[in-house]
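A.B. asks: Sending over final-v7.txt (compact mmCIF, C-alpha atoms).
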```txt
# COMPACT_ATOMS: atom_id res chain seq x y z
CA MET A 26 25.58 -14.15 58.55
CA ARG A 27 23.86 -16.98 56.80
CA LYS A 28 21.41 -14.54 55.20
CA SER A 29 24.28 -12.30 54.07
CA ALA A 30 26.13 -15.25 52.60
CA LEU A 31 23.02 -16.39 50.78
CA ILE A 32 22.44 -12.92 49.31
CA LEU A 33 26.06 -12.72 48.18
CA ALA A 34 25.78 -16.15 46.59
CA ILE A 35 22.65 -15.45 44.56
CA ALA A 36 23.47 -11.84 43.65
CA PRO A 37 25.54 -12.78 40.54
CA LEU A 38 22.69 -15.01 39.40
CA ILE A 39 20.17 -12.17 39.82
CA PHE A 40 22.38 -9.79 37.84
CA THR A 41 22.89 -12.41 35.15
CA ILE A 42 19.16 -13.02 34.82
CA ALA A 43 18.48 -9.31 34.73
CA ALA A 44 21.15 -8.80 32.10
CA CYS A 45 19.80 -11.63 29.98
CA SER A 46 16.28 -10.30 30.38
CA GLY A 47 17.39 -6.85 29.31
CA GLU A 48 19.29 -8.28 26.36
CA SER A 49 16.24 -10.28 25.30
CA ASP A 50 14.02 -7.22 25.51
CA GLN A 51 16.49 -5.22 23.48
CA THR A 52 16.71 -7.96 20.86
CA THR A 53 12.95 -8.18 20.65
CA SER A 54 12.57 -4.43 20.26
CA ASN A 55 15.24 -4.31 17.58
CA GLN A 56 13.87 -7.15 15.49
CA GLY A 57 11.00 -5.04 14.24
CA SER A 58 13.13 -2.18 13.01
CA ASP A 59 16.24 -4.00 11.75
CA ARG A 60 15.06 -4.54 8.17
CA THR A 61 13.53 -1.08 7.97
CA ASP A 62 16.81 0.44 9.16
CA THR A 63 18.77 -1.73 6.73
CA VAL A 64 16.70 -0.59 3.78
CA LYS A 65 16.92 3.03 4.86
CA SER A 66 20.69 2.96 5.28
CA ARG A 67 21.10 1.22 1.93
CA GLY A 68 18.94 3.85 0.25
CA GLN A 69 17.35 1.24 -1.97
CA LEU A 70 14.76 -1.53 -1.74
CA ILE A 71 15.63 -5.05 -2.95
CA CYS A 72 12.50 -6.66 -4.34
CA GLY A 73 12.09 -10.30 -5.35
CA VAL A 74 9.82 -10.80 -8.36
CA SER A 75 9.17 -13.34 -11.08
CA GLY A 76 10.10 -11.11 -13.99
CA GLU A 77 8.38 -13.54 -16.35
CA ILE A 78 4.64 -12.88 -15.95
CA PRO A 79 3.37 -9.97 -18.07
CA GLY A 80 0.96 -7.78 -16.12
CA PHE A 81 2.45 -8.81 -12.77
CA SER A 82 6.21 -8.65 -13.15
CA PHE A 83 7.90 -8.67 -16.51
CA VAL A 84 11.15 -7.38 -17.96
CA GLY A 85 10.66 -5.64 -21.31
CA THR A 86 13.14 -5.56 -24.17
CA ASP A 87 14.29 -2.21 -22.81
CA GLY A 88 15.23 -3.86 -19.51
CA LYS A 89 12.48 -2.07 -17.60
CA TYR A 90 10.19 -3.88 -15.18
CA SER A 91 6.42 -3.53 -15.21
CA GLY A 92 3.39 -5.13 -13.55
CA ILE A 93 1.30 -5.03 -10.38
CA ASP A 94 3.94 -6.82 -8.29
CA VAL A 95 6.54 -4.37 -9.56
CA ASP A 96 4.35 -1.37 -8.71
CA VAL A 97 3.92 -2.63 -5.14
CA CYS A 98 7.68 -2.44 -4.66
CA ARG A 99 7.84 0.95 -6.32
CA ALA A 100 5.12 2.13 -3.93
CA VAL A 101 7.21 1.03 -0.93
CA ALA A 102 10.25 2.82 -2.37
CA ALA A 103 8.16 5.95 -2.93
CA ALA A 104 6.97 5.88 0.69
CA MET A 105 10.48 5.46 2.04
CA PHE A 106 12.61 7.53 -0.33
CA ASP A 107 10.15 9.69 -2.27
CA ASP A 108 11.58 7.85 -5.29
CA PRO A 109 9.73 4.93 -6.93
CA ASN A 110 12.87 3.98 -8.82
CA ALA A 111 14.93 3.31 -5.70
CA VAL A 112 14.39 -0.41 -6.23
CA GLU A 113 16.62 -3.26 -7.32
CA PHE A 114 14.57 -6.11 -8.78
CA ARG A 115 15.78 -9.69 -8.54
CA ASN A 116 14.13 -12.47 -10.52
CA LEU A 117 13.32 -15.52 -8.42
CA ASN A 118 11.79 -18.81 -9.48
CA ALA A 119 9.19 -20.60 -7.39
CA LYS A 120 11.75 -22.87 -5.75
CA GLU A 121 14.17 -20.20 -4.55
CA ARG A 122 11.77 -17.38 -3.65
CA PHE A 123 11.19 -18.29 0.01
CA THR A 124 14.86 -18.90 0.74
CA ALA A 125 15.65 -15.46 -0.67
CA VAL A 126 13.34 -13.90 1.91
CA GLN A 127 14.52 -16.07 4.80
CA THR A 128 18.21 -15.33 4.17
CA GLY A 129 17.66 -11.62 3.67
CA GLU A 130 18.70 -11.66 0.01
CA VAL A 131 15.56 -9.62 -0.71
CA ASP A 132 13.69 -7.18 1.52
CA ILE A 133 10.30 -8.07 0.12
CA LEU A 134 8.84 -10.84 -2.02
CA SER A 135 6.31 -9.44 -4.48
CA ARG A 136 5.93 -12.41 -6.77
CA ASN A 137 2.35 -13.63 -7.35
CA THR A 138 2.62 -15.71 -4.17
CA THR A 139 -0.44 -17.33 -2.61
CA TRP A 140 -1.03 -16.62 1.07
CA THR A 141 -1.51 -19.99 2.80
CA LEU A 142 -1.53 -21.18 6.41
CA SER A 143 1.67 -23.22 6.09
CA ARG A 144 3.55 -20.36 4.47
CA ASP A 145 2.34 -18.07 7.23
CA THR A 146 3.52 -20.43 9.98
CA SER A 147 6.31 -22.78 8.89
CA VAL A 148 8.05 -21.06 5.96
CA GLY A 149 9.00 -17.98 7.93
CA LEU A 150 6.94 -15.45 5.99
CA GLU A 151 4.83 -12.53 7.12
CA PHE A 152 2.18 -11.57 4.56
CA ALA A 153 1.00 -8.07 3.74
CA PRO A 154 -2.57 -7.49 2.45
CA VAL A 155 -3.74 -9.30 -0.67
CA VAL A 156 -3.03 -7.30 -3.83
CA PHE A 157 -4.82 -9.65 -6.23
CA TYR A 158 -7.59 -12.19 -5.60
CA ASP A 159 -7.20 -15.02 -8.06
CA GLY A 160 -8.16 -18.63 -8.69
CA GLN A 161 -6.43 -21.50 -10.44
CA GLY A 162 -7.52 -22.59 -13.89
CA ILE A 163 -6.49 -24.79 -16.80
CA MET A 164 -5.79 -23.74 -20.37
CA VAL A 165 -6.29 -26.09 -23.30
CA ARG A 166 -6.35 -25.87 -27.08
CA LYS A 167 -9.75 -25.07 -28.54
CA ASN A 168 -9.63 -27.98 -30.99
CA SER A 169 -8.82 -30.50 -28.25
CA GLY A 170 -12.44 -31.24 -27.43
CA ILE A 171 -11.70 -30.65 -23.74
CA LYS A 172 -14.49 -28.67 -22.10
CA SER A 173 -14.16 -29.61 -18.41
CA LEU A 174 -11.84 -31.21 -15.87
CA ALA A 175 -13.51 -34.56 -16.50
CA ASP A 176 -12.33 -34.42 -20.12
CA LEU A 177 -8.72 -34.36 -18.89
CA LYS A 178 -8.88 -38.00 -17.78
CA ASP A 179 -5.56 -39.71 -18.64
CA LYS A 180 -4.37 -36.48 -20.28
CA ALA A 181 -0.99 -34.80 -19.74
CA ILE A 182 -1.07 -31.51 -17.83
CA CYS A 183 1.93 -29.20 -17.60
CA VAL A 184 2.44 -27.68 -14.15
CA GLN A 185 5.19 -25.81 -12.33
CA THR A 186 6.58 -27.70 -9.36
CA GLY A 187 7.11 -26.18 -5.91
CA THR A 188 3.84 -24.25 -6.12
CA THR A 189 0.34 -24.44 -4.68
CA THR A 190 -0.70 -24.94 -8.30
CA GLU A 191 0.82 -28.42 -8.34
CA GLN A 192 -0.80 -29.32 -5.01
CA ASN A 193 -4.23 -27.94 -5.96
CA LEU A 194 -4.26 -29.87 -9.21
CA ALA A 195 -3.45 -33.11 -7.41
CA ASP A 196 -6.13 -32.46 -4.77
CA GLN A 197 -8.89 -31.62 -7.23
CA MET A 198 -8.19 -34.52 -9.57
CA ARG A 199 -8.02 -36.92 -6.64
CA LYS A 200 -11.28 -35.51 -5.27
CA ARG A 201 -12.97 -36.12 -8.61
CA GLY A 202 -11.34 -39.51 -9.16
CA ILE A 203 -9.70 -38.35 -12.40
CA ASN A 204 -6.40 -39.93 -13.36
CA TYR A 205 -4.02 -37.62 -15.21
CA LYS A 206 -0.35 -37.35 -16.16
CA PRO A 207 1.42 -34.45 -14.45
CA VAL A 208 4.36 -33.06 -16.44
CA VAL A 209 6.30 -30.91 -13.97
CA PHE A 210 9.02 -28.32 -14.43
CA GLU A 211 10.77 -25.89 -12.09
CA ASP A 212 10.92 -23.13 -14.69
CA VAL A 213 7.67 -21.42 -15.64
CA ASN A 214 8.92 -20.61 -19.15
CA ILE A 215 9.69 -24.27 -19.84
CA THR A 216 6.28 -25.21 -18.43
CA PHE A 217 4.43 -23.05 -20.95
CA ALA A 218 6.88 -23.76 -23.79
CA THR A 219 6.22 -27.48 -23.36
CA TYR A 220 2.49 -26.85 -23.59
CA ALA A 221 2.99 -24.66 -26.66
CA GLU A 222 4.93 -27.48 -28.32
CA GLY A 223 1.91 -29.75 -27.87
CA ARG A 224 3.56 -32.11 -25.41
CA CYS A 225 0.82 -31.45 -22.84
CA ASP A 226 -2.93 -31.47 -23.36
CA GLY A 227 -3.37 -28.66 -20.86
CA VAL A 228 -1.41 -26.30 -18.63
CA THR A 229 -2.47 -25.06 -15.20
CA ALA A 230 -1.66 -21.88 -13.28
CA ASP A 231 -3.47 -18.97 -11.67
CA ARG A 232 -6.15 -17.76 -14.07
CA SER A 233 -4.51 -14.34 -14.29
CA ALA A 234 -1.22 -15.99 -15.23
CA LEU A 235 -3.00 -18.03 -17.91
CA VAL A 236 -4.55 -14.86 -19.34
CA SER A 237 -1.11 -13.28 -19.33
CA ARG A 238 0.74 -16.25 -20.79
CA ARG A 239 -1.84 -16.86 -23.51
CA THR A 240 -0.82 -13.55 -25.09
CA THR A 241 2.72 -14.87 -25.52
CA LEU A 242 1.75 -18.10 -27.30
CA PRO A 243 2.34 -18.38 -31.08
CA LYS A 244 -1.42 -18.52 -31.76
CA ALA A 245 -3.09 -17.08 -28.68
CA GLU A 246 -6.59 -17.30 -30.19
CA ASP A 247 -6.28 -21.09 -30.53
CA ASN A 248 -6.24 -21.52 -26.75
CA MET A 249 -8.96 -21.17 -24.13
CA ILE A 250 -9.23 -21.23 -20.34
CA LEU A 251 -11.75 -23.66 -18.89
CA ASP A 252 -14.59 -22.10 -16.91
CA GLU A 253 -13.93 -24.20 -13.83
CA ALA A 254 -11.78 -22.57 -11.13
CA ILE A 255 -10.16 -25.22 -8.97
CA SER A 256 -8.93 -23.08 -6.08
CA SER A 257 -8.88 -19.66 -4.45
CA GLU A 258 -5.54 -17.89 -4.71
CA PRO A 259 -5.08 -14.71 -2.65
CA LEU A 260 -1.81 -13.25 -3.94
CA ALA A 261 0.11 -11.06 -1.51
CA PRO A 262 3.60 -9.65 -0.94
CA ALA A 263 5.58 -11.08 1.97
CA VAL A 264 8.54 -10.26 4.21
CA ALA A 265 10.58 -12.29 6.68
CA LYS A 266 8.83 -13.12 9.94
CA GLY A 267 9.99 -11.27 13.04
CA ASN A 268 10.27 -7.80 11.51
CA THR A 269 7.14 -6.17 12.88
CA THR A 270 7.93 -2.60 11.86
CA TRP A 271 9.02 -3.63 8.37
CA ASN A 272 5.88 -5.70 7.88
CA ASN A 273 3.81 -2.72 9.04
CA VAL A 274 5.51 -0.48 6.47
CA VAL A 275 4.72 -2.85 3.59
CA THR A 276 1.20 -3.51 4.93
CA TRP A 277 0.19 0.14 5.18
CA VAL A 278 1.75 1.06 1.85
CA VAL A 279 -0.48 -1.58 0.22
CA TYR A 280 -3.48 -0.28 2.16
CA SER A 281 -2.68 3.26 1.01
CA LEU A 282 -3.24 2.19 -2.62
CA VAL A 283 -6.71 0.90 -1.70
CA LYS A 284 -7.66 3.72 0.66
CA ALA A 285 -6.68 6.35 -1.92
CA GLU A 286 -9.13 4.83 -4.40
CA GLU A 287 -11.82 4.78 -1.70
CA LEU A 288 -11.21 8.47 -1.01
CA GLY A 289 -11.12 9.43 -4.70
CA ILE A 290 -7.44 10.38 -4.54
CA ASN A 291 -5.27 9.64 -7.55
CA SER A 292 -1.94 10.70 -9.02
CA GLN A 293 -3.59 13.56 -10.90
CA ASN A 294 -5.43 15.23 -8.02
CA VAL A 295 -3.29 14.33 -4.98
CA ASP A 296 -1.58 17.72 -4.86
CA GLN A 297 -4.88 19.58 -5.23
CA LEU A 298 -6.56 17.53 -2.49
CA ALA A 299 -3.77 18.43 -0.10
CA ASN A 300 -5.85 21.57 0.55
CA SER A 301 -9.01 19.56 1.29
CA ASN A 302 -11.04 20.34 4.41
CA ASP A 303 -12.02 16.68 4.77
CA PRO A 304 -10.30 15.48 7.98
CA GLU A 305 -9.96 11.92 6.67
CA ILE A 306 -8.18 13.11 3.53
CA LYS A 307 -6.00 15.47 5.56
CA ARG A 308 -4.89 12.60 7.83
CA PHE A 309 -4.31 10.30 4.88
CA LEU A 310 -2.13 12.84 3.09
CA GLY A 311 -0.22 13.71 6.25
CA LYS A 312 -1.53 17.24 6.60
CA GLU A 313 -2.87 16.43 10.05
CA GLY A 314 -1.73 13.94 12.66
CA ASN A 315 1.45 11.90 12.77
CA LEU A 316 0.47 8.51 11.33
CA GLY A 317 3.75 8.09 9.44
CA GLU A 318 5.85 8.33 12.59
CA GLY A 319 4.58 4.99 13.86
CA LEU A 320 6.04 3.38 10.73
CA GLY A 321 9.30 5.28 10.83
CA LEU A 322 8.20 7.21 7.75
CA THR A 323 7.27 10.80 7.06
CA ASN A 324 3.64 11.67 7.79
CA ASP A 325 2.96 12.25 4.09
CA PHE A 326 4.17 8.79 3.05
CA ALA A 327 0.80 7.91 1.47
CA ALA A 328 0.80 11.13 -0.55
CA LYS A 329 4.22 10.16 -1.95
CA VAL A 330 2.93 6.72 -2.88
CA ILE A 331 -0.07 8.05 -4.76
CA LYS A 332 1.85 10.86 -6.44
CA HIS A 333 4.48 8.50 -7.84
CA VAL A 334 2.58 5.23 -8.35
CA GLY A 335 -1.14 6.05 -8.25
CA ASN A 336 -4.01 4.40 -6.38
CA TYR A 337 -5.01 0.75 -6.76
CA ALA A 338 -7.30 1.45 -9.72
CA GLU A 339 -4.49 3.22 -11.57
CA VAL A 340 -2.09 0.36 -10.85
CA TYR A 341 -4.62 -2.23 -12.01
CA ASP A 342 -5.70 -0.35 -15.13
CA ARG A 343 -2.11 0.35 -16.15
CA ASN A 344 -1.11 -3.30 -15.96
CA LEU A 345 -4.21 -5.42 -16.57
CA GLY A 346 -7.10 -3.14 -17.49
CA SER A 347 -9.17 -2.54 -20.59
CA LYS A 348 -6.44 -0.54 -22.32
CA THR A 349 -3.94 -3.40 -22.04
CA LYS A 350 -3.77 -6.53 -24.17
CA PHE A 351 -5.10 -8.56 -21.21
CA ASN A 352 -8.35 -6.60 -20.76
CA LEU A 353 -8.91 -8.43 -17.46
CA VAL A 354 -12.06 -7.33 -15.62
CA ARG A 355 -11.45 -6.45 -11.97
CA GLY A 356 -14.14 -8.73 -10.55
CA GLN A 357 -13.19 -9.63 -6.98
CA ASN A 358 -10.43 -7.02 -7.16
CA GLN A 359 -12.92 -4.18 -7.01
CA LEU A 360 -13.40 -2.10 -3.88
CA TRP A 361 -15.78 -3.55 -1.29
CA SER A 362 -18.19 -0.70 -2.08
CA LYS A 363 -18.42 -1.98 -5.65
CA GLY A 364 -18.95 -5.62 -4.82
CA GLY A 365 -15.28 -6.60 -4.60
CA LEU A 366 -13.01 -7.79 -1.79
CA LEU A 367 -10.65 -4.82 -1.46
CA TYR A 368 -10.98 -3.09 1.88
CA SER A 369 -8.65 -0.90 3.91
CA PRO A 370 -8.69 -0.30 7.66
CA PRO A 371 -9.01 3.34 8.73
CA PHE A 372 -6.03 5.67 8.48
CA ARG A 373 -6.59 7.05 11.96
```
Starting from the file, give its structure as structure tokens.
C.D. replies:
Amino acid sequence: MRKSALILAIAPLIFTIAACSGESDQTTSNQGSDRTDTVKSRGQLICGVSGEIPGFSFVGTDGKYSGIDVDVCRAVAAAMFDDPNAVEFRNLNAKERFTAVQTGEVDILSRNTTWTLSRDTSVGLEFAPVVFYDGQGIMVRKNSGIKSLADLKDKAICVQTGTTTEQNLADQMRKRGINYKPVVFEDVNITFATYAEGRCDGVTADRSALVSRRTTLPKAEDNMILDEAISSEPLAPAVAKGNTTWNNVVTWVVYSLVKAEELGINSQNVDQLANSNDPEIKRFLGKEGNLGEGLGLTNDFAAKVIKHVGNYAEVYDRNLGSKTKFNLVRGQNQLWSKGGLLYSPPFR
């Protein structure tokens, strides 16, 4: 009787624990697919960008967006909807960008954002692969006599607040024992406008951003970027932490841009190579296997990406290459086989 009473007494507790355990498992399993399902049901991707950095994300006079960061979002839309234009772009400044991801205002942040440990752990972000390897630099006027960081002693330097740029500058100047006058702004346009007005002796940002912004200055040729790089800046898209499937989608779409270049697949020959006998190409293009199913996509998702957006080389050349006003050499952003840092895991 005592045993029966004890069993009856603890039975509700057992059922409660089991129910909670089941609920927890269900919640965990759903977290990975929630954002993916949300985007699919909406039929459109919401992408957070800067909108103010030519070559990365910029809104032209015709209202159209262009740049590497923009093309990353278009690639995701192509993979999901077979339509690179199924994207709504939202301009975010450095201060509001992380909140927009955390609150779900945007599905993906593709905004020249540096991948750091703290952002990967305490800001609630999950980073996809690096799309651009960069480093921070400083731009000055050629007639200023400034040739190195040491020459910036007691000088005013314009910098955007809320960025790793501001922190890196402080670290490097402190390390070298160089006193300087930081002039900080939240808005990147005001930062560079203040420099252009001559109120700062120099302006600091990622070197790629400096190359981009120099083209917008009244007399671009009167400005130069110092040779010294004061940091490493791996720029990568990010999504909210806790969405495993969604992060996998963005991750493998980025890798598809790189892998396509490795395999010699581009927007011009992707249809022709669909008939290739190469098993690696057949898997990549979805002609064999079921790689897309694991992402909740069609098996030919990579083929859609390349057909609509191109491989990494096409994306780079279109936005920053020799035929653009930036003429920025790829350097570290070459494939690993050409001495660069770009590398994709196997599509297997």
A.B. asks: Show me the residues close to (3.4, 14.1, 6.7) - anything with an atom within 6 Å, counting all atoms listed in the file - and format the list as number ranges by chain.
C.D. replies: A: 311-312, 323-325
A.B. asks: Dump C-alpha atoms for the selected residues as a CSV table (one decimal), in the frame of the given file?
C.D. replies:
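Dumped everything to result.csv:
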```csv
chain,number,residue,atom,x,y,z
A,311,GLY,CA,-0.2,13.7,6.2
A,312,LYS,CA,-1.5,17.2,6.6
A,323,THR,CA,7.3,10.8,7.1
A,324,ASN,CA,3.6,11.7,7.8
A,325,ASP,CA,3.0,12.2,4.1
```
A.B. asks: Between A:Glu287, A:Asp62, A:Asp226, A:Glu258, which one has atoms that come closest to Thr139 in chain A, using all atoms listed in the file?
C.D. replies: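 Counting all atoms listed in the file, the residue closest to Thr139 in chain A is A:Glu258.
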A.B. asks: I want to know what sits within 8 Å of Leu177 in chain A, based on all atoms listed in the file, with residues of the same chain fewer than 6 positions away left out; could you give that as a VMD selection string?
C.D. replies: chain A and resid 171 203 205 226
A.B. asks: At a cut-off of 8 Å, can you tabulate as a Markdown table every residue of range 244-275 of chain A near range 92-108 of chain A together with its closest atom pair and the distance in Å to one decimal, using only C-alpha atoms and ordering rows by chain then number?
C.D. replies:
```
| residue | atom | partner | partner_atom | distance |
| --- | --- | --- | --- | --- |
| A:Pro262 | CA | A:Asp94 | CA | 7.9 |
| A:Val274 | CA | A:Val101 | CA | 7.7 |
| A:Val275 | CA | A:Val101 | CA | 6.5 |
```
A.B. asks: Restricting it to C-alpha atoms, dump the selection as a PDB file, in the frame of the given file.
C.D. replies:
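Saved as result-v3.pdb:
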```pdb
ATOM      1  CA  PRO A 262       3.600  -9.650  -0.940  1.00  0.00           C
ATOM      2  CA  VAL A 274       5.510  -0.480   6.470  1.00  0.00           C
ATOM      3  CA  VAL A 275       4.720  -2.850   3.590  1.00  0.00           C
TER       4      VAL A 275
END
```
A.B. asks: For Ala261 in chain A, please output as number ranges by chain all residues within 9 Å (counting all atoms listed in the file; exclusion window: fewer than 6 positions along the same chain).
C.D. replies: A: 94, 134-140, 152-158
A.B. asks: Could you please take those selected residues and save C-alpha atoms as a compact mmCIF listing (two decimals), in the frame of the given file?
C.D. replies:
```
# COMPACT_ATOMS: atom_id res chain seq x y z
CA ASP A 94 3.94 -6.82 -8.29
CA LEU A 134 8.84 -10.84 -2.02
CA SER A 135 6.31 -9.44 -4.48
CA ARG A 136 5.93 -12.41 -6.77
CA ASN A 137 2.35 -13.63 -7.35
CA THR A 138 2.62 -15.71 -4.17
CA THR A 139 -0.44 -17.33 -2.61
CA TRP A 140 -1.03 -16.62 1.07
CA PHE A 152 2.18 -11.57 4.56
CA ALA A 153 1.00 -8.07 3.74
CA PRO A 154 -2.57 -7.49 2.45
CA VAL A 155 -3.74 -9.30 -0.67
CA VAL A 156 -3.03 -7.30 -3.83
CA PHE A 157 -4.82 -9.65 -6.23
CA TYR A 158 -7.59 -12.19 -5.60
```
A.B. asks: How far is it from CA of Asp179 in chain A to CA of Val208 in chain A, in Å with one decimal?
C.D. replies: 12.1 Å
A.B. asks: Residues around (2.6, -25.1, -26.0), cut-off 12 Å, counting all atoms listed in the file - what are they as a ChimeraX atom specification?
C.D. replies: /A:164-166,182-183,214-229,238-239,241-245,247-248
A.B. asks: Could you tell me which of A:Glu286, A:Phe372, A:Glu305, A:Asn315 comes closest to Gln359 in chain A if we count only C-alpha atoms?
C.D. replies: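 Counting only C-alpha atoms, the residue closest to Gln359 in chain A is A:Glu286.
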A.B. asks: Please determine, counting only C-alpha atoms, which residue among A:Lys206, A:Lys284, A:Arg355, A:Lys167 has the shortest atom-to-atom distance to Asp342 in chain A.
C.D. replies: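 Result for the nearest residue to Asp342 in chain A: A:Arg355.
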A.B. asks: Of the candidates A:Met198, A:Ala234, A:Leu298, A:Leu251, which one gets nearest to Gly170 in chain A if we count all atoms listed in the file?
C.D. replies: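 For Gly170 in chain A, the nearest of the candidates is A:Leu251.
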A.B. asks: To one decimal in Å, tell me the separation between CA of Gly321 in chain A and CA of Phe123 in chain A.
C.D. replies: 26.0 Å
